[in-house]
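Below is one structure, written out as structure tokens; comments come after it.
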Amino acid sequence: MAKPHILFFITEDWYFWSHRRSVAIAALDKGYEVTVVTRVHQLGPEIEGTGMNLIPINIKRSSLNPFVELKTLLDIFRIYRREKPDIVHQVGTKPIVYGTWAARIFGICGIVNAFGGFGHLFTAVSGPFRRFRKLFILIYRWTLAKTNIRLILQNSTDIQHIIDHKISSKNKTVLIRGAGVDLDEYQYSMEPAGIPVIMYAGRMLWSKGVGNLVKAAELLSKRNVNCRVVIVGRPDPENPLSIPQEKLEEWNEDGHIEWWGYKEDMPRVIAESTLLVLPTFYGEGVPKILLEAAAVGRPIITTDIPGCRDIVHDGVNGLLIPGDDIEVLASAIQTLLKYKEWRVRFGLAGRNFVENEFSSRHVSQATLEIYEELLDRC
């Protein structure tokens with residue numbers, strides 16, 4: 001009997017490696033043939049080293065050029081026709097739309113579409129999502145209409161948006177809260193000694209609240225609060241909300257924050273922090289960095305929005321704050337720096353929460369159950 005064949009289609013290799021690798025490896029272990037279609041930057045050897053098939057594709061998240069998009073679409077059609085997978089697992093806007101069109105044309109049995117964060121489409125007050133909201137919704141309605149499609153969403157608010165806007169029905173949506181975290185890789189540790197380190201880690205986007213954290217750092221400096229504010233990550237040039245490298249270097253020179261750039265060994269990096277801050281006002285799914293921080297045992301300060309509050313319970317494993325309020329952000333940091341017993345209690349609660357509900361094992365098992373349900377229908 002032939003192995004079931006699953007094809008992952010994700011725009012960037014780094015995103016596949018950080019957010020979907022554990023699910024793909026679980027599928028391999030279950031006896032699936034696994035193919036990954038993605039734009040390859042540096043992680044091609046690592047992906048192939050797991051035993052997965054790798055097909056590079058030149059896809060650009062930010063492109064609106066119709067000729068470029070037509071070529072990308074034709075490339076996807078050729079790949080899907082040639083590979084003939086039993087199931088496709090697509091992540092992100094273009095893979096979901098283009099991949100679903102191709103899967104429907106070539107009669108692929110099961111289609112799994114995973115949204116990292118869907119809320120921005122419905123909550124944005126400016127930008128392309130706001131201007132073309134009705135068009136996006138119509139495209140999604142038509143694209144996701146078939147019965148052999150399952151939608152993975154990361155928080156209940158996004159599921160409700162999907163249902164309210166008639167993009168899909170409740171019986172085709174599945175709640176899987178985040179990408180999970182490897183508890184062997186991200187181990188619990190006590191906070192380090194020395195000057196407290198307030199850390200943000202993620203893409204350098206204005207919508208993630210990085211600019212607000214810098215302003216909060218300036219406020220903390222004026223209040224003579226003894227701490228280091230560190231931001232870890234790199235710009236995302238294809239995102240229109242990316243913070244330019246020159247601005248990051250300028251902030252670093254000013255001395256209120258330290259920009260560490262991109263780091264690979266995130267378990268070690270997070271362990272160097274005293275607490276983690278994510279002051280995002282972006283349409284989040286369930287931010288993976290919050291899971292990682294909680295697994296390491298770090299208290300968290302984040303915005304009281306869907307996705308973030310799925311992980312952080314106010315006063316239990318962190319503090320929830322209103323969005324876009326620099327004064328409140330600075331005061332929350334001061335509060336946690338003042339009370340070490342809070343930090344210890346929050347860190348232990350966060351680790352326990354992740355162990356019980358957010359491990360990569362939980363996420364992989366839930367995702368494999370979707371694959372098996374679709375295969376049974378074939």
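A note on labels: chains of the structure tokens are A, B, ... as shown, every chain counts residues from 1, and ligands are counted from 1 in their shown order.
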- request: Just the residues within 9 Å of stretch 39-51 of chain A, please, counting only C-alpha atoms, with nothing from its chain fewer than 5 positions along; format it as a VMD selection string.
  value: chain A and resid 10 to 14 17 21 25 28 33 to 34 56 to 60
Per residue of stretch 239-329 of chain A within 8 Å of stretch 209-230 of chain A, which atom pair is closest and at what distance in Å (one decimal), using only C-alpha atoms, listed by chain and increasing number, as a Markdown table?
```
| residue | atom | partner | partner_atom | distance |
| --- | --- | --- | --- | --- |
| A:Trp251 | CA | A:Val214 | CA | 7.8 |
| A:His256 | CA | A:Glu218 | CA | 5.8 |
| A:Ile257 | CA | A:Val229 | CA | 4.9 |
| A:Glu258 | CA | A:Val230 | CA | 4.7 |
| A:Trp259 | CA | A:Val230 | CA | 5.9 |
| A:Trp260 | CA | A:Val230 | CA | 7.0 |
| A:Leu278 | CA | A:Gly209 | CA | 7.1 |
| A:Pro279 | CA | A:Gly209 | CA | 4.8 |
| A:Thr280 | CA | A:Gly209 | CA | 4.6 |
| A:Phe281 | CA | A:Gly209 | CA | 6.5 |
| A:Asp324 | CA | A:Asn212 | CA | 7.0 |
| A:Asp325 | CA | A:Asn212 | CA | 7.8 |
| A:Ile326 | CA | A:Ala216 | CA | 5.5 |
| A:Glu327 | CA | A:Ala216 | CA | 7.0 |
| A:Leu329 | CA | A:Ala216 | CA | 6.6 |
```
How close does each residue of stretch 112-187 of chain A get to stretch 287-303 of chain A, giving the shortest atom pair and distance in Å to one decimal for every residue with an atom at most 10 Å away, counting only C-alpha atoms, sorted by chain and residue number, as a tab-separated table?
```
residue	atom	partner	partner_atom	distance
A:Gly116	CA	A:Pro287	CA	8.6
A:Gly117	CA	A:Pro287	CA	8.9
A:Gln154	CA	A:Pro287	CA	9.3
A:Arg177	CA	A:Pro287	CA	9.4
A:Gly178	CA	A:Lys288	CA	6.6
A:Ala179	CA	A:Lys288	CA	6.5
A:Gly180	CA	A:Leu291	CA	7.2
A:Val181	CA	A:Glu292	CA	6.2
A:Asp182	CA	A:Glu292	CA	8.4
A:Leu183	CA	A:Ala295	CA	6.8
A:Asp184	CA	A:Ala295	CA	9.7
A:Glu185	CA	A:Val296	CA	9.4
A:Tyr186	CA	A:Val296	CA	5.7
A:Gln187	CA	A:Val296	CA	5.2
```
Run DSSP on the backbone and grab whatever in stretch 155-326 of chain A lands in alpha helix (DSSP H); send it over as a CSV table (one decimal) with N, CA and C atoms, in the first residue's frame.
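Below is the file selection13.csv, written as the result:
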```csv
chain,number,residue,atom,x,y,z
A,156,SER,N,-10.5,31.6,18.9
A,156,SER,CA,-12.0,31.5,18.7
A,156,SER,C,-12.5,32.8,18.1
A,157,THR,N,-11.9,33.9,18.3
A,157,THR,CA,-12.4,35.2,17.7
A,157,THR,C,-12.3,35.1,16.2
A,158,ASP,N,-11.1,34.5,15.7
A,158,ASP,CA,-11.0,34.4,14.2
A,158,ASP,C,-12.0,33.4,13.6
A,159,ILE,N,-12.3,32.4,14.4
A,159,ILE,CA,-13.3,31.4,13.9
A,159,ILE,C,-14.7,32.1,13.8
A,160,GLN,N,-15.0,32.9,14.8
A,160,GLN,CA,-16.3,33.6,14.7
A,160,GLN,C,-16.3,34.6,13.6
A,161,HIS,N,-15.2,35.3,13.3
A,161,HIS,CA,-15.1,36.2,12.1
A,161,HIS,C,-15.4,35.4,10.8
A,162,ILE,N,-14.8,34.2,10.7
A,162,ILE,CA,-15.0,33.3,9.5
A,162,ILE,C,-16.5,33.0,9.3
A,163,ILE,N,-17.1,32.6,10.4
A,163,ILE,CA,-18.5,32.2,10.4
A,163,ILE,C,-19.4,33.4,10.1
A,164,ASP,N,-19.2,34.5,10.8
A,164,ASP,CA,-20.0,35.7,10.7
A,164,ASP,C,-20.0,36.3,9.3
A,210,VAL,N,6.9,47.4,18.4
A,210,VAL,CA,8.3,47.7,18.7
A,210,VAL,C,8.6,49.1,19.0
A,211,GLY,N,8.0,50.0,18.2
A,211,GLY,CA,8.2,51.4,18.4
A,211,GLY,C,7.7,51.9,19.7
A,212,ASN,N,6.6,51.3,20.2
A,212,ASN,CA,6.0,51.6,21.5
A,212,ASN,C,7.0,51.2,22.6
A,213,LEU,N,7.6,50.0,22.4
A,213,LEU,CA,8.5,49.5,23.4
A,213,LEU,C,9.7,50.4,23.5
A,214,VAL,N,10.2,50.9,22.4
A,214,VAL,CA,11.3,51.9,22.4
A,214,VAL,C,10.9,53.1,23.2
A,215,LYS,N,9.7,53.6,23.0
A,215,LYS,CA,9.3,54.8,23.7
A,215,LYS,C,9.1,54.5,25.2
A,216,ALA,N,8.7,53.3,25.5
A,216,ALA,CA,8.6,52.9,26.9
A,216,ALA,C,9.9,52.8,27.6
A,217,ALA,N,10.9,52.3,26.8
A,217,ALA,CA,12.3,52.3,27.3
A,217,ALA,C,12.8,53.7,27.6
A,218,GLU,N,12.5,54.6,26.8
A,218,GLU,CA,12.9,56.0,27.0
A,218,GLU,C,12.3,56.5,28.3
A,219,LEU,N,11.0,56.2,28.5
A,219,LEU,CA,10.3,56.6,29.7
A,219,LEU,C,10.9,55.9,31.0
A,220,LEU,N,11.3,54.6,30.9
A,220,LEU,CA,11.9,53.9,32.0
A,220,LEU,C,13.3,54.6,32.3
A,221,SER,N,14.0,55.0,31.3
A,221,SER,CA,15.3,55.6,31.5
A,221,SER,C,15.1,56.9,32.3
A,222,LYS,N,14.1,57.7,31.9
A,222,LYS,CA,13.8,59.0,32.6
A,222,LYS,C,13.4,58.7,34.0
A,245,GLN,N,16.2,49.0,8.8
A,245,GLN,CA,17.4,48.7,9.6
A,245,GLN,C,18.1,49.9,10.1
A,246,GLU,N,18.0,51.0,9.3
A,246,GLU,CA,18.7,52.3,9.7
A,246,GLU,C,18.0,52.8,11.0
A,247,LYS,N,16.7,52.6,11.1
A,247,LYS,CA,16.0,53.0,12.4
A,247,LYS,C,16.4,52.2,13.6
A,248,LEU,N,16.6,50.9,13.3
A,248,LEU,CA,17.0,50.0,14.4
A,248,LEU,C,18.4,50.3,14.9
A,249,GLU,N,19.3,50.6,13.9
A,249,GLU,CA,20.6,51.0,14.3
A,249,GLU,C,20.7,52.4,15.0
A,250,GLU,N,19.8,53.3,14.6
A,250,GLU,CA,19.7,54.6,15.3
A,250,GLU,C,19.2,54.4,16.7
A,251,TRP,N,18.2,53.6,16.9
A,251,TRP,CA,17.7,53.3,18.3
A,251,TRP,C,18.9,52.7,19.1
A,252,ASN,N,19.6,51.8,18.5
A,252,ASN,CA,20.7,51.1,19.3
A,252,ASN,C,21.8,52.1,19.7
A,253,GLU,N,22.0,53.0,18.8
A,253,GLU,CA,23.0,54.1,19.1
A,253,GLU,C,22.6,55.0,20.2
A,254,ASP,N,21.3,55.3,20.2
A,254,ASP,CA,20.7,56.2,21.2
A,254,ASP,C,20.9,55.6,22.6
A,266,MET,N,17.2,30.5,20.0
A,266,MET,CA,16.2,31.2,20.8
A,266,MET,C,16.0,30.7,22.2
A,267,PRO,N,16.1,29.4,22.4
A,267,PRO,CA,15.9,28.9,23.8
A,267,PRO,C,17.0,29.6,24.7
A,268,ARG,N,18.2,29.7,24.3
A,268,ARG,CA,19.3,30.3,25.0
A,268,ARG,C,19.0,31.8,25.2
A,269,VAL,N,18.6,32.4,24.1
A,269,VAL,CA,18.4,33.9,24.1
A,269,VAL,C,17.3,34.2,25.1
A,270,ILE,N,16.1,33.5,25.0
A,270,ILE,CA,15.0,33.8,25.9
A,270,ILE,C,15.5,33.6,27.4
A,271,ALA,N,16.3,32.6,27.6
A,271,ALA,CA,16.7,32.3,29.0
A,271,ALA,C,17.6,33.4,29.5
A,288,LYS,N,3.9,32.6,18.6
A,288,LYS,CA,4.8,31.5,19.0
A,288,LYS,C,5.8,32.0,20.1
A,289,ILE,N,6.2,33.2,20.0
A,289,ILE,CA,7.2,33.7,20.9
A,289,ILE,C,6.6,33.7,22.3
A,290,LEU,N,5.3,33.9,22.5
A,290,LEU,CA,4.7,33.8,23.8
A,290,LEU,C,4.7,32.4,24.4
A,291,LEU,N,4.5,31.4,23.5
A,291,LEU,CA,4.6,30.0,23.9
A,291,LEU,C,6.0,29.7,24.4
A,292,GLU,N,7.0,30.2,23.6
A,292,GLU,CA,8.4,29.9,23.9
A,292,GLU,C,8.8,30.5,25.2
A,293,ALA,N,8.4,31.8,25.4
A,293,ALA,CA,8.7,32.5,26.6
A,293,ALA,C,8.1,31.8,27.8
A,294,ALA,N,6.8,31.4,27.7
A,294,ALA,CA,6.2,30.7,28.8
A,294,ALA,C,6.8,29.4,29.1
A,295,ALA,N,7.3,28.7,28.1
A,295,ALA,CA,7.9,27.4,28.3
A,295,ALA,C,9.2,27.5,29.0
A,296,VAL,N,10.0,28.6,28.8
A,296,VAL,CA,11.2,28.8,29.5
A,296,VAL,C,11.0,29.4,30.9
A,308,CYS,N,-3.2,36.7,21.9
A,308,CYS,CA,-2.3,36.9,23.0
A,308,CYS,C,-2.9,36.5,24.3
A,309,ARG,N,-4.2,36.8,24.5
A,309,ARG,CA,-4.9,36.4,25.7
A,309,ARG,C,-5.3,34.9,25.8
A,310,ASP,N,-5.0,34.2,24.7
A,310,ASP,CA,-5.2,32.8,24.7
A,310,ASP,C,-4.0,32.1,25.5
A,311,ILE,N,-2.9,32.8,25.5
A,311,ILE,CA,-1.7,32.3,26.2
A,311,ILE,C,-1.6,33.0,27.6
A,326,ILE,N,1.7,53.7,25.9
A,326,ILE,CA,3.1,53.6,26.3
A,326,ILE,C,3.3,53.7,27.8
```
task: Could you give me, as an NGL selection string, the residues within 9 Å of A:Met204, counting only C-alpha atoms and dropping anything in the same chain fewer than 5 positions from it?
output: :A and (210 or 231-236 or 241-245 or 248)
message: Would you compute the distance between atom CA of A:Val88 and atom CA of A:Ser18? Give it in Å to one decimal.
response: 18.8 Å
